[in-house]
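Participant: The following block contains the structure, expressed as structure tokens.
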Amino acid sequence: MAKNLRMAVDIGGTFVDALVFNFDDGALEIKKVSTTPKAPHLGVLDGVEKLVDSSDSVGEFIHGTTLGLNAILERKGAVVGIIANEGFRDIFELARGNLPFAQMYEFDYEQPKKIVPRFQTVGVEGRINNKGEVIIPLNLNQLKEKVAYLVEEINVDAIAISFLHSYANSAHEIEARDFIYKLHPQIPVSVGSEIAREYREYERTSTAVLDGYIKPVLGQYLLDLQEGLENNEFKGAFHVMRSGGGAMTVKQAKDAPLLTVLSGPAGGVVGTQYIANETGRKNLISLDIGGTSLDTCVFTKGRPSEVYEADIDHMPVLIPIFDIRTIGAGGGSIAWLDQDLLKVGPQSAGADPGPACYERGGTNPTVTDAALILGYLRPEWFLNGEMHINQTLAEKALQETLCNPLKMSVEEAASSIFRIMVSKNVAAVREITVERGLDPREFSLVGFGGGGPMFAPMIALELDIPEVVIPPVPALFSAWGMLTSDLEYQNSKTILSPLNKDTLSDIQSQITEIAADAESIMLAQVEGRIPVTMRKYLSLRYQGQEHTLDVEITEDSSIDAIETSFNNIHRERYGHKFDEKMEVVSVRSRIIGEVRKPELSKIIKHKSSTEEIMTTRLFDYSSGNFVEAPVVNRESLAPKQAVEGPMVIKENTAITVIHGGQVAMPDELGLLTVRRAK
């Protein structure tokens, strides 16, 4: 059977989103099933089996998951041992002396408990200097003793290795890794220089530690999932999303699971990138609201903001990653009282027991319960009627938990929950726009996820954003973005070299070296099936600065051209440039294997409807009153057909609510735009 299907599955804290695209006829099939927290791979397999009878016809399976991220946040990872240089075993323990910005004036602030206590860290004799020269050979006899202590006395599940200056020469780390594998082949080993060949010893150590912390967890999950797919006759390519976009093989994900920590939200960013490319929109804000969290990312000049360092629960990681802001604000976020103050989130009811209306024993009121009461949901609309929800239970949860103590009606409590949710979402968007000197009124807001289409029009009203864009299948748009994701591999190396005519040749040779490594890895992955493109960058700064900006180069780039590009980028970013000498901190390469992509215009087919338009009673956010509003099916709206709010536009797995003073209109690509009425 021809492998003409590409499948993508995104697993979240509440639902598994699965879809399959047929390149022969452009058909898209979707399925949304509940997450199975105790055995997460079973929820994924359930979604797959409900989409296709046999996986034999699936040519490629692309997966995004935040399982590794959740293991870190919930402290449910492995027992990790750290091997460092003798005399420097406290690098991870000491960390940085600075406080988090939000706590900088709290004089009694206590650092969070370390995920690796000090007694699980050992030092081994051996030293390489900052030039990559071996000063003291690695003491393998001592290493054997230290490993025995970690494995036999501490019973570690994984080991993280991080030696000084391994960015300049990783020989000792590789030697130690191979030595440990010979002694204990069952113990996963994470090596700092293999994940991030970058300077800054604490950050690189933290990267190796977090990779080791989730490696057994994610490795077992991917193995279970892979076996389950193969039992269903899957023989295609299995890829996993990277946190910075692009996909990698499942083997690469097992070897370096930290690269996948934000792979779920990354799918939505990649999908938004596709919208930017197809429509020519330059300034976009992606707004992904699911059952557990809100993930938002800003696009300028049609590109998402990317970083090479991020914090996960106050611990730094040196990996390429989309600059995504995440807060605990989703459909399952619990409304609760702090004395007499109403709060929403960050705690979530999750998939089990879920919101009170799910009839699974949950008693806490959630955002989903409030949506039912405000008329934004109806039981027969939820997941297109495939999952029953109970409005009476939702009202009971609000009444007992909120209304009785606060002496307010159920509708007042529900509208208050939504206003708090909107204010939290607005704060997240302002953080990545206003606080960086960007005006949200110059952007389009792309709303997706199960709650994105419901909240995006309200957020646009609050921030005076001129346009909201709701993509096709918005509740599964992160999974759809994975379908459009190219294969990708990135690597880097810190060189700390001045930029001048005398050093340019060595800089070019350094970047050629890492590009060759990236090319060999990618070519082995694609096996000549798809074209590949190589891009090379220098991370530059003025001498004396701390942070860098990336400049793309070619083999023919001159010193003058590189300096001019950097000055222009610096002026554009910060409003000025300096007449200072420049320094190359790192060289970077990115190789891309371009895959065939589905077309947006084939997803939603317009269907004329002769049915009488129904109405529903809902809370109009613009006026603050309940009104009778029409309800239409999205597919019944013809391209360029404008409809005015307040109105509910429903589809299989999502509800778009437009309010008074707003106009919605689909375009030829199937994108639904919401703007202020003129």
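Identifiers for the structure tokens are assigned positionally: chains receive A, B, ... in sequence, residues are indexed from 1 per chain, and ligands are indexed from 1 in the order shown.
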Where does DSSP see helix (DSSP H, G or I) in range 204-423 of chain A, if you list the residues as an NGL selection string?
Facilitator: :A and (204-231 or 250-255 or 257-260 or 263-279 or 356-358 or 367-373 or 382-385 or 391-406 or 410-423)
Participant: What lies within 9 Å of range 536-551 of chain A using only C-alpha atoms, ignoring chain neighbours under 5 positions off, as a VMD selection string?
Facilitator: chain A and resid 498 to 499 507 511 to 512 515 562 565 to 566 569 to 570 578 to 591
Participant: Pull C-alpha atoms from the residues just selected and write them as a compact mmCIF listing (two decimals), in the first residue's frame.
Facilitator:
# COMPACT_ATOMS: atom_id res chain seq x y z
CA PRO A 498 37.95 38.55 17.63
CA LEU A 499 36.51 39.30 14.20
CA ILE A 507 36.36 31.22 11.89
CA ILE A 511 31.94 26.72 11.04
CA THR A 512 32.77 24.40 8.14
CA ALA A 515 28.41 22.20 9.30
CA ILE A 562 29.61 40.81 8.31
CA SER A 565 25.04 43.21 8.82
CA PHE A 566 25.71 43.15 12.56
CA ILE A 569 20.75 44.28 13.20
CA HIS A 570 22.02 45.99 16.37
CA PHE A 578 28.79 51.32 18.30
CA ASP A 579 32.08 51.94 16.54
CA GLU A 580 33.67 49.08 18.46
CA LYS A 581 35.57 45.97 17.48
CA MET A 582 33.50 42.81 17.25
CA GLU A 583 33.88 39.34 18.76
CA VAL A 584 32.59 36.00 17.53
CA VAL A 585 31.26 34.08 20.52
CA SER A 586 29.93 31.00 18.70
CA VAL A 587 29.58 29.56 15.23
CA ARG A 588 26.28 27.89 14.36
CA SER A 589 24.87 25.77 11.56
CA ARG A 590 21.32 24.79 10.70
CA ILE A 591 20.54 22.21 8.05
Participant: Restricting the calculation to only C-alpha atoms: of A:Asp352, A:Glu519, A:Glu635, A:Glu411, which residue gets closest to Thr35 in chain A?
Facilitator: A:Asp352
Participant: Write out as a short mmCIF file (atom, residue, chain, number, x, y, z; two decimals) with N, CA and C atoms, in the first residue's frame each polymer residue whose atoms come within 9 Å of Leu99 in chain A, counting only C-alpha atoms; drop sequence neighbours fewer than 4 positions from it.
Facilitator:
data_model
loop_
_atom_site.label_atom_id
_atom_site.label_comp_id
_atom_site.auth_asym_id
_atom_site.auth_seq_id
_atom_site.Cartn_x
_atom_site.Cartn_y
_atom_site.Cartn_z
N GLN A 103 11.78 38.18 42.36
CA GLN A 103 12.12 38.08 43.78
C GLN A 103 13.36 38.90 44.15
N MET A 104 13.76 39.83 43.31
CA MET A 104 15.03 40.50 43.53
C MET A 104 15.07 41.34 44.81
N TYR A 105 13.91 41.72 45.36
CA TYR A 105 13.89 42.52 46.58
C TYR A 105 13.40 41.71 47.80
N GLU A 106 13.29 40.40 47.63
CA GLU A 106 12.90 39.55 48.75
C GLU A 106 14.16 39.08 49.48
N TYR A 109 14.44 35.42 50.44
CA TYR A 109 14.19 34.47 49.35
C TYR A 109 15.09 33.24 49.50
N GLN A 111 16.43 29.80 47.49
CA GLN A 111 16.52 29.15 46.19
C GLN A 111 15.70 27.85 46.20
#
Participant: Please list as a ChimeraX atom specification every residue within 6 Å of range 53-68 of chain A, counting only C-alpha atoms and excluding residues in the same chain fewer than 5 positions away.
Facilitator: /A:3,5-11,214,232-234,236-241,261-264
Participant: Restricting the calculation to only C-alpha atoms, which member of A:Glu86, A:His314, A:Ile115, A:Asn155 is positioned closest to Asn98 in chain A?
Facilitator: A:His314
Participant: Can you list, as a VMD selection string, every residue of range 482-595 of chain A that DSSP puts in strand (DSSP E or B)?
Facilitator: chain A and resid 487 to 498 532 to 542 549 to 553 582 to 593
Participant: Between A:Ser243, A:Val16, A:Gly126, A:Thr36, which has the minimum distance to Ser485 in chain A (counting only C-alpha atoms)?
Facilitator: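 The closest residue to Ser485 in chain A is A:Ser243.
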Participant: Applying 9 Å and only C-alpha atoms, which residues near Ala158 in chain A remain after dropping the ones on its own chain fewer than 2 positions away? List them as JSON, numbers by chain.
Facilitator: {"A": [78, 79, 80, 81, 82, 151, 156, 160, 187, 188, 189, 190, 212, 213, 215, 216]}
